[in-house]
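A.B. asks: Have a peek at entry-v9.cif (mmCIF, C-alpha atoms).
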```cif
data_query
#
loop_
_atom_site.label_atom_id
_atom_site.label_comp_id
_atom_site.auth_asym_id
_atom_site.auth_seq_id
_atom_site.Cartn_x
_atom_site.Cartn_y
_atom_site.Cartn_z
CA MET A 19 7.83 -24.10 9.57
CA THR A 20 4.31 -23.85 8.14
CA ASP A 21 3.27 -20.49 6.72
CA LEU A 22 0.32 -18.76 8.38
CA SER A 23 -2.72 -18.55 6.13
CA VAL A 24 -3.28 -15.04 4.78
CA SER A 25 -6.26 -13.30 3.18
CA VAL A 26 -5.13 -10.43 0.95
CA VAL A 27 -7.92 -7.84 0.73
CA VAL A 28 -8.05 -5.40 -2.19
CA VAL A 29 -10.68 -2.66 -2.16
CA SER A 30 -11.34 -1.01 -5.53
CA ARG A 31 -13.71 1.66 -6.77
CA GLY A 32 -13.46 3.54 -10.06
CA ARG A 33 -10.02 2.18 -11.01
CA PRO A 34 -10.47 -1.09 -12.94
CA ASP A 35 -7.21 -0.79 -14.91
CA ALA A 36 -5.19 -0.28 -11.74
CA LEU A 37 -6.98 -3.21 -10.11
CA ARG A 38 -6.10 -5.51 -13.00
CA ARG A 39 -2.40 -4.69 -12.63
CA CYS A 40 -2.56 -5.15 -8.85
CA LEU A 41 -4.15 -8.58 -9.21
CA LEU A 42 -1.57 -9.58 -11.82
CA GLY A 43 1.11 -8.67 -9.29
CA LEU A 44 -0.62 -10.65 -6.54
CA SER A 45 -0.68 -13.70 -8.81
CA GLN A 46 3.13 -13.74 -8.71
CA LEU A 47 3.39 -13.77 -4.90
CA GLN A 48 5.80 -16.36 -3.58
CA TYR A 49 3.89 -17.56 -0.56
CA SER A 50 2.31 -20.95 0.05
CA GLN A 51 -1.00 -20.15 1.78
CA PHE A 52 -2.90 -17.07 0.69
CA GLU A 53 -6.24 -16.13 -0.79
CA VAL A 54 -7.26 -12.95 -2.60
CA VAL A 55 -10.45 -11.13 -1.60
CA VAL A 56 -11.54 -8.41 -4.01
CA VAL A 57 -14.15 -5.93 -2.74
CA ALA A 58 -15.03 -3.83 -5.78
CA ASP A 59 -17.57 -1.89 -7.78
CA PRO A 60 -19.12 -3.41 -10.94
CA ALA A 61 -16.25 -2.25 -13.20
CA GLY A 62 -13.69 -3.78 -10.85
CA ILE A 63 -15.59 -7.06 -10.59
CA ALA A 64 -15.82 -7.22 -14.40
CA VAL A 65 -12.05 -6.75 -14.77
CA ALA A 66 -11.34 -9.42 -12.16
CA GLU A 67 -13.75 -11.86 -13.82
CA ALA A 68 -11.89 -11.46 -17.13
CA LEU A 69 -8.56 -12.62 -15.67
CA ALA A 70 -7.28 -16.12 -16.40
CA PHE A 71 -7.22 -16.86 -12.65
CA ALA A 72 -10.64 -15.35 -11.87
CA ASP A 73 -11.95 -18.61 -10.42
CA ALA A 74 -9.25 -18.45 -7.75
CA LEU A 75 -10.49 -15.06 -6.43
CA LYS A 76 -13.13 -14.22 -3.86
CA LEU A 77 -15.13 -11.46 -5.57
CA ILE A 78 -17.34 -9.33 -3.32
CA PRO A 79 -19.49 -6.64 -5.00
CA PHE A 80 -19.55 -3.32 -3.12
CA ASP A 81 -20.20 0.12 -4.62
CA LYS A 82 -20.25 2.64 -1.78
CA ALA A 83 -17.70 5.39 -1.13
CA ASN A 84 -16.67 4.02 2.28
CA ILE A 85 -13.29 2.32 2.48
CA SER A 86 -13.77 1.24 6.11
CA ALA A 87 -17.02 -0.56 5.34
CA ALA A 88 -15.41 -2.15 2.29
CA ARG A 89 -12.41 -3.36 4.31
CA ASN A 90 -14.71 -4.78 6.98
CA LEU A 91 -16.52 -6.71 4.26
CA GLY A 92 -13.16 -8.06 3.16
CA ILE A 93 -12.37 -9.12 6.72
CA ASP A 94 -15.76 -10.82 6.98
CA HIS A 95 -15.02 -12.91 3.86
CA GLY A 96 -11.34 -13.44 4.65
CA ALA A 97 -10.64 -16.85 6.20
CA GLY A 98 -6.90 -16.43 6.77
CA GLU A 99 -5.29 -16.25 10.19
CA VAL A 100 -3.84 -12.94 9.01
CA ILE A 101 -5.65 -10.28 6.93
CA ALA A 102 -3.35 -8.23 4.67
CA PHE A 103 -4.36 -5.08 2.80
CA ILE A 104 -3.05 -3.55 -0.40
CA ASP A 105 -4.53 -0.69 -2.46
CA ASP A 106 -5.76 -1.29 -5.99
CA ASP A 107 -3.19 1.17 -7.38
CA ALA A 108 -0.29 -0.72 -5.80
CA VAL A 109 1.73 -3.80 -6.78
CA PRO A 110 3.60 -6.01 -4.31
CA GLU A 111 7.11 -7.32 -4.72
CA PRO A 112 6.95 -11.13 -5.20
CA GLN A 113 8.32 -11.82 -1.69
CA TRP A 114 5.99 -9.28 -0.04
CA LEU A 115 3.85 -11.66 2.01
CA ARG A 116 6.79 -13.79 3.06
CA TYR A 117 8.39 -10.82 4.81
CA LEU A 118 5.23 -9.03 5.93
CA VAL A 119 3.64 -11.97 7.72
CA ALA A 120 6.75 -13.58 9.26
CA PRO A 121 6.64 -11.47 12.48
CA ALA A 122 3.16 -12.86 13.24
CA LEU A 123 4.87 -16.09 14.25
CA GLN A 124 5.68 -14.17 17.45
CA ARG A 125 2.60 -14.32 19.63
CA ASP A 126 2.79 -10.73 20.84
CA VAL A 127 2.72 -9.25 17.31
CA ALA A 128 -0.78 -8.27 16.19
CA ALA A 129 -0.04 -5.92 13.30
CA MET A 130 2.57 -5.60 10.58
CA GLY A 131 3.46 -2.81 8.17
CA GLY A 132 5.84 -2.67 5.23
CA PHE A 133 7.64 0.02 3.26
CA VAL A 134 6.11 1.70 0.21
CA ARG A 135 7.96 2.83 -2.90
CA GLY A 136 6.56 5.69 -4.97
CA ARG A 137 5.83 6.21 -8.65
CA ASN A 138 9.42 6.02 -9.80
CA GLY A 139 9.74 2.62 -8.14
CA ILE A 140 12.91 3.76 -6.38
CA SER A 141 12.15 6.46 -3.81
CA PHE A 142 10.11 5.61 -0.74
CA GLN A 143 6.73 7.23 -0.14
CA TRP A 144 6.54 5.80 3.36
CA LYS A 145 8.96 4.05 5.65
CA ALA A 146 8.76 3.66 9.43
CA ARG A 147 6.57 6.17 11.27
CA SER A 148 4.90 6.58 14.64
CA LEU A 149 1.77 8.52 15.62
CA ASP A 150 1.34 11.03 18.39
CA GLY A 151 -1.89 11.55 20.29
CA SER A 152 -3.16 14.09 17.76
CA GLY A 153 -2.93 11.64 14.86
CA LEU A 154 0.17 13.17 13.28
CA SER A 155 3.02 10.95 12.13
CA GLU A 156 6.75 11.26 12.74
CA PRO A 157 9.68 9.29 11.26
CA LEU A 158 11.04 6.29 13.16
CA GLU A 159 14.52 4.85 12.90
CA VAL A 160 14.45 1.07 12.38
CA ASP A 161 16.78 -1.55 10.96
CA ASP A 162 16.29 -1.47 7.17
CA SER A 163 17.15 -5.14 6.69
CA GLN A 164 14.91 -6.91 9.21
CA ALA A 165 11.63 -6.57 11.07
CA THR A 166 11.44 -4.42 14.20
CA VAL A 167 8.78 -5.19 16.81
CA LEU A 168 7.54 -2.09 18.62
CA HIS A 169 5.44 -1.54 21.74
CA PRO A 170 4.58 2.18 21.64
CA PRO A 171 4.57 4.26 24.83
CA LYS A 172 1.27 5.47 26.27
CA GLY A 173 -0.45 8.01 24.05
CA ARG A 174 1.43 7.00 20.90
CA ALA A 175 0.99 4.34 18.22
CA VAL A 176 2.93 2.71 15.41
CA LYS A 177 1.79 3.78 11.93
CA THR A 178 0.86 1.24 9.28
CA GLU A 179 0.06 2.44 5.77
CA GLY A 180 -3.24 1.34 4.28
CA THR A 181 -1.62 0.10 1.10
CA ASN A 182 0.80 -2.24 2.90
CA MET A 183 -0.36 -3.64 6.22
CA ALA A 184 -1.58 -6.83 7.88
CA PHE A 185 -3.30 -7.82 11.13
CA ARG A 186 -4.26 -10.98 12.95
CA ARG A 187 -7.87 -11.64 12.07
CA SER A 188 -8.69 -12.39 15.70
CA VAL A 189 -7.40 -8.96 16.75
CA LEU A 190 -9.47 -7.20 14.08
CA VAL A 191 -12.55 -9.03 15.38
CA GLU A 192 -11.63 -8.10 18.96
CA LEU A 193 -11.27 -4.40 18.08
CA GLY A 194 -14.26 -4.16 15.78
CA GLY A 195 -12.32 -3.73 12.55
CA PHE A 196 -12.38 -0.35 10.83
CA ASP A 197 -14.81 2.33 11.97
CA PRO A 198 -17.26 3.08 9.10
CA ALA A 199 -17.45 6.68 10.33
CA PHE A 200 -14.13 7.10 8.49
CA HIS A 201 -15.38 6.97 4.90
CA TYR A 202 -11.95 7.96 3.60
CA TYR A 203 -8.75 9.06 5.35
CA LEU A 204 -7.53 8.28 8.89
CA ASP A 205 -9.23 4.86 8.84
CA GLU A 206 -6.01 2.94 9.50
CA THR A 207 -4.72 5.71 11.81
CA ASP A 208 -7.75 5.19 14.03
CA LEU A 209 -7.12 1.43 14.05
CA ASN A 210 -3.44 1.98 14.90
CA MET A 211 -4.44 4.11 17.89
CA ARG A 212 -6.87 1.47 19.13
CA LEU A 213 -4.27 -1.28 18.67
CA ALA A 214 -1.80 0.65 20.81
CA ARG A 215 -4.40 1.43 23.45
CA ALA A 216 -5.18 -2.30 23.71
CA GLY A 217 -1.48 -3.04 24.25
CA HIS A 218 -0.77 -4.84 20.97
CA ALA A 219 2.66 -4.83 19.35
CA THR A 220 3.30 -3.85 15.72
CA ALA A 221 6.16 -5.06 13.55
CA LEU A 222 7.59 -2.78 10.86
CA VAL A 223 9.08 -4.82 8.03
CA PRO A 224 11.29 -2.90 5.54
CA LEU A 225 11.69 -5.78 3.07
CA ALA A 226 7.91 -6.18 2.72
CA GLU A 227 7.68 -3.72 -0.17
CA VAL A 228 4.87 -2.57 -2.42
CA HIS A 229 5.01 -0.05 -5.27
CA HIS A 230 2.26 2.56 -5.01
CA GLY A 231 1.15 4.66 -7.95
CA PHE A 232 -1.24 7.21 -6.41
CA ALA A 233 -3.78 6.65 -9.19
CA ALA A 234 -6.50 9.24 -9.59
CA ASN A 235 -9.78 8.86 -7.73
CA ALA A 236 -12.83 10.95 -6.96
CA LEU A 237 -10.93 12.92 -4.32
CA ARG A 238 -7.59 13.62 -6.03
CA THR A 239 -5.98 13.73 -9.46
CA ALA A 240 -3.11 11.49 -10.55
CA GLU A 241 -0.80 14.39 -9.59
CA ARG A 242 -2.28 14.32 -6.05
CA VAL A 243 -4.10 17.62 -6.55
CA PRO A 244 -7.21 17.55 -4.30
CA ARG A 245 -10.63 17.45 -5.95
CA ASP A 246 -12.62 17.43 -2.72
CA LEU A 247 -11.69 17.80 0.96
CA PHE A 248 -15.08 17.02 2.48
CA ASP A 249 -14.15 13.57 3.80
CA ILE A 250 -10.81 14.77 5.13
CA GLY A 251 -12.63 17.37 7.23
CA ALA A 252 -15.20 14.81 8.34
CA SER A 253 -12.54 12.27 9.28
CA TRP A 254 -10.65 14.77 11.43
CA ALA A 255 -13.88 15.55 13.28
CA VAL A 256 -14.46 11.84 13.90
CA PHE A 257 -10.84 11.34 14.98
CA GLN A 258 -11.08 14.21 17.47
CA ARG A 259 -14.22 12.76 19.03
CA LYS A 260 -12.53 9.38 19.49
CA HIS A 261 -8.98 10.28 20.48
CA ILE A 262 -8.53 13.95 21.48
CA PRO A 263 -9.84 15.70 24.63
CA GLU A 264 -12.67 18.07 23.77
CA ALA A 265 -10.79 21.09 25.16
CA GLU A 266 -8.11 20.53 22.50
CA HIS A 267 -10.47 20.21 19.50
CA ALA A 268 -10.43 23.88 18.45
CA PRO A 269 -6.64 24.39 18.34
CA HIS A 270 -6.16 20.98 16.78
CA TRP A 271 -8.65 21.77 14.01
CA GLU A 272 -7.12 25.22 13.45
CA ALA A 273 -3.73 23.56 12.89
CA ARG A 274 -5.17 20.90 10.55
CA ARG A 275 -7.12 23.51 8.60
CA HIS A 276 -3.97 25.65 8.21
CA HIS A 277 -2.06 22.60 6.98
CA GLU A 278 -4.68 21.86 4.30
CA ARG A 279 -4.79 25.48 3.14
CA GLN A 280 -1.00 25.58 2.80
CA ARG A 281 -1.16 22.37 0.75
CA LEU A 282 -3.74 23.93 -1.57
CA LEU A 283 -1.68 27.10 -1.96
CA ARG A 284 1.35 25.04 -3.00
CA HIS A 285 -0.75 23.40 -5.70
CA MET A 286 -1.98 26.83 -6.79
CA VAL A 287 1.59 28.12 -7.10
CA THR A 288 2.54 25.14 -9.29
CA GLY A 289 -0.53 25.60 -11.51
CA GLY A 290 -2.64 22.69 -10.27
CA LEU A 291 -5.33 24.89 -8.75
CA GLU A 292 -6.82 28.35 -9.27
CA PRO A 293 -7.71 30.78 -6.43
CA ARG A 294 -11.40 29.94 -6.74
CA ASP A 295 -10.53 26.24 -6.35
CA VAL A 296 -8.77 26.97 -3.06
CA ARG A 297 -11.86 28.78 -1.75
CA ARG A 298 -14.18 25.99 -2.88
CA LEU A 299 -12.02 23.23 -1.40
CA MET A 300 -11.63 25.00 1.94
CA LYS A 301 -15.41 25.43 2.10
CA ARG A 302 -15.82 21.70 1.48
CA LEU A 303 -13.25 20.95 4.19
CA ASP A 304 -15.24 23.02 6.69
CA GLN A 305 -18.54 21.43 5.62
CA GLY A 306 -17.03 17.99 6.13
CA TYR A 307 -15.79 18.93 9.59
CA VAL A 308 -19.28 19.99 10.60
CA GLU A 309 -20.85 16.82 9.20
CA GLY A 310 -18.25 14.66 10.95
CA GLN A 311 -19.48 15.94 14.31
CA ASP A 312 -22.72 14.02 13.80
CA ARG A 313 -21.46 10.79 12.26
CA VAL A 314 -22.33 7.70 14.24
CA LEU A 315 -19.28 6.09 15.84
CA THR A 316 -19.58 2.33 15.71
CA ALA A 317 -17.37 -0.70 16.11
CA ALA A 318 -18.07 -3.16 13.33
CA LYS A 319 -19.56 -6.45 14.53
CA LEU A 320 -17.23 -8.85 12.77
CA ALA A 321 -17.97 -12.54 13.02
CA SER A 322 -15.39 -14.73 14.72
CA HIS A 323 -15.77 -17.17 11.86
CA PRO A 324 -15.48 -15.99 8.23
CA SER A 325 -18.53 -16.08 5.99
CA ALA A 326 -16.74 -18.26 3.44
CA PRO A 327 -14.06 -20.99 3.71
CA PHE A 328 -10.44 -20.32 2.82
CA LYS A 329 -9.97 -20.29 -0.97
CA ALA A 330 -6.28 -20.91 -1.51
CA PHE A 331 -4.82 -19.09 -4.49
CA PRO A 332 -2.95 -21.60 -6.70
CA ALA A 333 0.42 -20.07 -5.87
CA GLN A 334 3.12 -21.07 -8.33
CA MET A 335 6.68 -21.26 -7.09
CA ARG A 336 8.38 -19.28 -9.81
CA HIS A 337 11.99 -18.83 -10.87
CA SER A 338 12.98 -15.16 -10.75
CA THR A 339 15.37 -13.93 -13.39
CA ILE A 340 16.77 -10.68 -14.77
CA ILE A 341 17.38 -9.78 -18.41
CA LEU A 342 20.14 -7.22 -18.90
CA SER A 343 19.02 -5.13 -21.86
CA ARG A 344 19.79 -1.87 -23.66
CA PRO A 345 17.55 0.55 -25.60
CA SER A 346 18.40 -0.97 -28.99
CA HIS A 347 17.32 -4.44 -27.79
CA PHE A 348 14.53 -3.37 -25.48
CA SER A 349 11.50 -4.28 -27.62
CA LYS A 350 12.81 -7.74 -28.39
CA ASP A 351 13.79 -8.37 -24.78
CA MET A 352 10.35 -7.25 -23.59
CA GLU A 353 8.66 -9.74 -25.93
CA ASN A 354 10.90 -12.46 -24.55
CA ALA A 355 10.16 -11.39 -20.98
CA ALA A 356 6.38 -11.37 -21.50
CA ASP A 357 6.57 -14.88 -22.99
CA ARG A 358 8.59 -16.13 -20.02
CA VAL A 359 6.07 -14.63 -17.58
CA LYS A 360 3.32 -16.61 -19.33
CA LYS A 361 5.42 -19.74 -18.77
CA GLY A 362 5.60 -19.08 -15.05
CA GLU A 363 8.70 -17.00 -14.40
CA ILE A 364 9.17 -13.71 -12.56
CA VAL A 365 11.09 -11.55 -15.00
CA THR A 366 12.88 -8.24 -14.54
CA VAL A 367 14.11 -6.38 -17.63
CA LEU A 368 16.94 -3.99 -16.78
CA SER A 369 17.55 -1.64 -19.70
CA LEU A 370 20.72 0.43 -19.30
CA SER A 371 21.53 3.30 -21.64
CA PRO A 372 25.06 4.81 -21.86
CA SER A 373 24.01 7.85 -19.83
CA ALA A 374 23.53 9.23 -16.32
CA ILE A 375 19.72 9.17 -16.51
CA TYR A 376 18.02 8.45 -13.17
CA HIS A 377 16.50 4.99 -12.85
CA LYS A 378 12.83 4.13 -12.56
CA VAL A 379 11.04 0.84 -11.93
CA PHE A 380 7.52 -0.27 -12.80
CA PHE A 381 5.43 -3.42 -13.19
CA ASN A 382 3.80 -3.45 -16.62
CA GLU A 383 0.51 -4.81 -17.94
CA TYR A 384 2.19 -8.05 -19.08
CA GLY A 385 3.46 -8.86 -15.59
CA VAL A 386 7.08 -7.85 -16.26
CA TRP A 387 9.17 -5.82 -13.83
CA VAL A 388 10.90 -3.12 -15.86
CA GLN A 389 13.82 -0.95 -14.75
CA THR A 390 15.24 1.72 -17.04
CA GLY A 391 18.01 4.26 -16.58
CA GLY A 392 21.60 5.08 -17.37
CA MET A 393 24.63 2.91 -16.68
CA PHE A 394 26.00 5.83 -14.69
CA GLY A 395 22.67 7.12 -13.35
CA ARG A 396 21.23 6.96 -9.86
CA SER A 397 18.97 4.24 -8.58
CA ASP A 398 19.80 4.99 -4.96
CA ARG A 399 18.92 8.71 -4.91
CA SER A 400 21.54 9.36 -2.23
CA ALA A 401 24.36 7.92 -4.38
CA PRO A 402 26.85 10.14 -6.26
CA LEU A 403 25.40 11.89 -9.31
CA PHE A 404 27.80 10.05 -11.62
CA ARG A 405 29.81 6.89 -11.04
CA LEU A 406 31.87 5.22 -13.76
CA THR A 407 31.18 1.51 -14.17
CA THR A 408 30.66 -1.22 -16.75
CA ARG A 409 27.31 -2.54 -17.98
CA SER A 410 27.93 -5.92 -16.38
CA ARG A 411 28.90 -4.49 -12.99
CA ARG A 412 25.94 -2.12 -12.95
CA GLY A 413 23.61 -4.98 -13.82
CA GLN A 414 25.00 -7.02 -10.93
CA LYS A 415 24.63 -4.08 -8.55
CA GLU A 416 20.99 -3.52 -9.46
CA ALA A 417 20.26 -7.24 -9.18
CA ARG A 418 21.67 -7.24 -5.65
CA ARG A 419 19.59 -4.17 -4.76
CA VAL A 420 16.28 -5.99 -5.37
CA ALA A 421 17.33 -9.62 -4.93
CA ARG A 422 15.64 -10.26 -1.59
CA GLN A 423 12.37 -8.54 -2.49
CA ARG A 424 12.14 -10.09 -5.95
CA GLY A 425 13.47 -13.54 -5.08
CA LEU A 426 16.55 -13.38 -7.29
CA ARG A 427 19.24 -15.88 -6.48
CA GLN A 428 22.28 -14.20 -4.97
CA ASP A 429 25.63 -15.65 -5.95
CA LYS A 430 28.19 -15.81 -3.20
#
```
Would you mind writing the file out in structure tokens?

C.D. replies:
Amino acid sequence: MTDLSVSVVVVSRGRPDALRRCLLGLSQLQYSQFEVVVVADPAGIAVAEALAFADALKLIPFDKANISAARNLGIDHGAGEVIAFIDDDAVPEPQWLRYLVAPALQRDVAAMGGFVRGRNGISFQWKARSLDGSGLSEPLEVDDSQATVLHPPKGRAVKTEGTNMAFRRSVLVELGGFDPAFHYYLDETDLNMRLARAGHATALVPLAEVHHGFAANALRTAERVPRDLFDIGASWAVFQRKHIPEAEHAPHWEARRHHERQRLLRHMVTGGLEPRDVRRLMKRLDQGYVEGQDRVLTAAKLASHPSAPFKAFPAQMRHSTIILSRPSHFSKDMENAADRVKKGEIVTVLSLSPSAIYHKVFFNEYGVWVQTGGMFGRSDRSAPLFRLTTRSRRGQKEARRVARQRGLRQDK
């Protein structure tokens, strides 16, 4: 069966180092028909142009603080049947697109969303969630080994996360893409609500995984401490105008405002903010809410035909392998791994110490997947705190845990 063509859109502003790592991860995707569309500020474009595979990228300069407008520009230049989105501070597992896009072979599926692992590369930031009419999300129970196609009931929607989602291009054109009134925050939530209202189905795909770092930006620190809440306030005002009856605006805003204040107070208790910061940020939240009342609500006029032809990324079918290491051999094994990546392999270095240290996973600047932790330590955070095993058995267990996402061969 022929793979659907996919345009992977990456929007980047103010995070060139993160973008470089994201693009390195995309270059290892195991999928036959995809292109990469980078919508970025000058620093991001410069980083992309310095990569060995720069000529294979569609580079679109854009330097405005409006993620919806940037994503619409990516859609305009994307020539794939499916448009996938990933954040610049995220890295996909090598089999990401294979799993994410597969449900689109069913005609009734218009949107797809995957699962997102957090900074430690183990715990999940986001799994399956639905949206109620007020834009708030709630957990959903789905099969964690295969895609689940969902038709939400009236007034609800299926949540897709901005850093790991895909849509049929034709449906994005039909719905007018992302609303530029959402400069930041709730942009994909608004699209999810409109998808549901139009009667489109969404598939949630657990094995379509990305690792998300929550890199710092103009609105939050790397520790997720808010720097400015203006656009969050503005986005809630826009969302209310589009999706919530006017009589419910005041109590809805009171609840959202209380939620944001409680979040700020938690950061103050842990030392991330001072009392004067809380006052300043709440003032900015309120100012944003007022400004959002006057933002123009528009559906983007996306062309049925892309502005540029499909530019297939020279995908290389790579052998995926795992190197079982230990701290005393780690440096040497990492050199070996980086060399093998240059030769076209997908390499995971699993370094096990004789301890019960918790595991963590990350994709490094050389394109190597690295997992460190103790032989007896947790990777599955729900597992027992300590479990006696051998190095070989633990290595086999961890290989099985990521085999499908990373493309490792599984022995019977």

A.B. asks: Which polymer residues have any atom within 6 Å of an atom of range 92-108 of chain A, counting all atoms listed in the file, with same-chain residues fewer than 3 positions away left out, as a ChimeraX atom specification?

C.D. replies: /A:23-28,30,36-37,40,89,181-187,229-231,233,324-328

A.B. asks: Would you be able to write out as an MDAnalysis selection string which residues have an atom within 12 Å of (8.5, -10.9, -22.9) in the file's coordinates, counting all atoms listed in the file?

C.D. replies: chainID A and resid 340:341 347:367 382:388

A.B. asks: Compile the contact shell of Asp208 in chain A as a ChimeraX atom specification: residues with an atom at most 8 Å away, counting only C-alpha atoms, same-chain residues fewer than 2 positions apart removed.

C.D. replies: /A:196-197,204-206,210-212,257

A.B. asks: How many Å separate CA of Lys177 in chain A from CA of Glu156 in chain A?

C.D. replies: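 For CA of Lys177 in chain A relative to CA of Glu156 in chain A, the distance reads 9.0 Å.
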
A.B. asks: Here's the selection I'm unsure about, the PyMOL selection byres ((chain A and resi 215-224) around 10); applied to the file above, which residues does it give, as a compact mmCIF listing (two decimals) with C-alpha atoms, keeping the file's coordinate frame?

C.D. replies:
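Generated file (out_9.txt):
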```txt
# COMPACT_ATOMS: atom_id res chain seq x y z
CA TRP A 114 5.99 -9.28 -0.04
CA TYR A 117 8.39 -10.82 4.81
CA LEU A 118 5.23 -9.03 5.93
CA VAL A 119 3.64 -11.97 7.72
CA ALA A 120 6.75 -13.58 9.26
CA PRO A 121 6.64 -11.47 12.48
CA ALA A 122 3.16 -12.86 13.24
CA GLN A 124 5.68 -14.17 17.45
CA ARG A 125 2.60 -14.32 19.63
CA ASP A 126 2.79 -10.73 20.84
CA VAL A 127 2.72 -9.25 17.31
CA ALA A 128 -0.78 -8.27 16.19
CA ALA A 129 -0.04 -5.92 13.30
CA MET A 130 2.57 -5.60 10.58
CA GLY A 131 3.46 -2.81 8.17
CA GLY A 132 5.84 -2.67 5.23
CA PHE A 133 7.64 0.02 3.26
CA VAL A 134 6.11 1.70 0.21
CA LYS A 145 8.96 4.05 5.65
CA ALA A 146 8.76 3.66 9.43
CA ARG A 147 6.57 6.17 11.27
CA LEU A 158 11.04 6.29 13.16
CA VAL A 160 14.45 1.07 12.38
CA ASP A 161 16.78 -1.55 10.96
CA ASP A 162 16.29 -1.47 7.17
CA SER A 163 17.15 -5.14 6.69
CA GLN A 164 14.91 -6.91 9.21
CA ALA A 165 11.63 -6.57 11.07
CA THR A 166 11.44 -4.42 14.20
CA VAL A 167 8.78 -5.19 16.81
CA LEU A 168 7.54 -2.09 18.62
CA HIS A 169 5.44 -1.54 21.74
CA PRO A 170 4.58 2.18 21.64
CA PRO A 171 4.57 4.26 24.83
CA LYS A 172 1.27 5.47 26.27
CA GLY A 173 -0.45 8.01 24.05
CA ARG A 174 1.43 7.00 20.90
CA ALA A 175 0.99 4.34 18.22
CA VAL A 176 2.93 2.71 15.41
CA LYS A 177 1.79 3.78 11.93
CA THR A 178 0.86 1.24 9.28
CA MET A 183 -0.36 -3.64 6.22
CA ALA A 184 -1.58 -6.83 7.88
CA PHE A 185 -3.30 -7.82 11.13
CA VAL A 189 -7.40 -8.96 16.75
CA GLU A 192 -11.63 -8.10 18.96
CA LEU A 193 -11.27 -4.40 18.08
CA LEU A 209 -7.12 1.43 14.05
CA ASN A 210 -3.44 1.98 14.90
CA MET A 211 -4.44 4.11 17.89
CA ARG A 212 -6.87 1.47 19.13
CA LEU A 213 -4.27 -1.28 18.67
CA ALA A 214 -1.80 0.65 20.81
CA LEU A 225 11.69 -5.78 3.07
CA ALA A 226 7.91 -6.18 2.72
CA GLU A 227 7.68 -3.72 -0.17
CA GLN A 423 12.37 -8.54 -2.49
```

A.B. asks: For Ser141 in chain A, which of A:Val379, A:Ala374, A:Leu77, A:Leu368 is the closest residue, counting only C-alpha atoms?

C.D. replies: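 Closest to Ser141 in chain A, using only C-alpha atoms: A:Val379.
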
A.B. asks: Quick one: residues within 9 Å of Ile140 in chain A, only C-alpha atoms, excluding same-chain residues fewer than 2 positions away - as a PyMOL selection string?

C.D. replies: chain A and resi 135-138+142+229+377-379+397-399

A.B. asks: Take CA of Asp81 in chain A and CA of Val57 in chain A and report the distance between them in Å, one decimal.

C.D. replies: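 For CA of Asp81 in chain A relative to CA of Val57 in chain A, the distance reads 8.8 Å.
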
A.B. asks: Can you list what the PyMOL selection byres ((chain A and resi 68-75) around 9) grabs from this structure, as a PyMOL selection string?

C.D. replies: chain A and resi 38+41-42+45+53-56+63-67+76-77+329-332

A.B. asks: Report, in Å with one decimal, the straight-line distance from CA of Asn90 in chain A to CA of Lys319 in chain A.

C.D. replies: 9.1 Å

A.B. asks: The centre and edge lengths of an axis-aligned box containing all atoms of range 275-280 of chain A present in the file, extended by 5 Å on each side, are to be given in Å to one decimal, as AutoDock Vina command-line options.

C.D. replies:
```
--center_x -4.1 --center_y 23.8 --center_z 5.7 --size_x 16.1 --size_y 13.8 --size_z 15.8
```

A.B. asks: Starting from the shown file, work through the PyMOL selection byres ((chain A and resi 303) around 9) and note down what comes out as number ranges by chain.

C.D. replies: A: 246-252, 275, 278, 298-302, 304-308

A.B. asks: Calculated over all atoms listed in the file, which of the candidates A:Leu154, A:Ser373, A:Pro112, A:Arg412 has the smallest distance to Ile262 in chain A?

C.D. replies: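 Of A:Leu154, A:Ser373, A:Pro112, A:Arg412, the one nearest Ile262 in chain A, counting all atoms listed in the file, is A:Leu154.
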
A.B. asks: Find the residue from A:His261, A:Tyr49, A:Pro34, A:Leu342 that sits nearest to Asp150 in chain A; use all atoms listed in the file when measuring.

C.D. replies: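 For Asp150 in chain A, the nearest of the candidates is A:His261.
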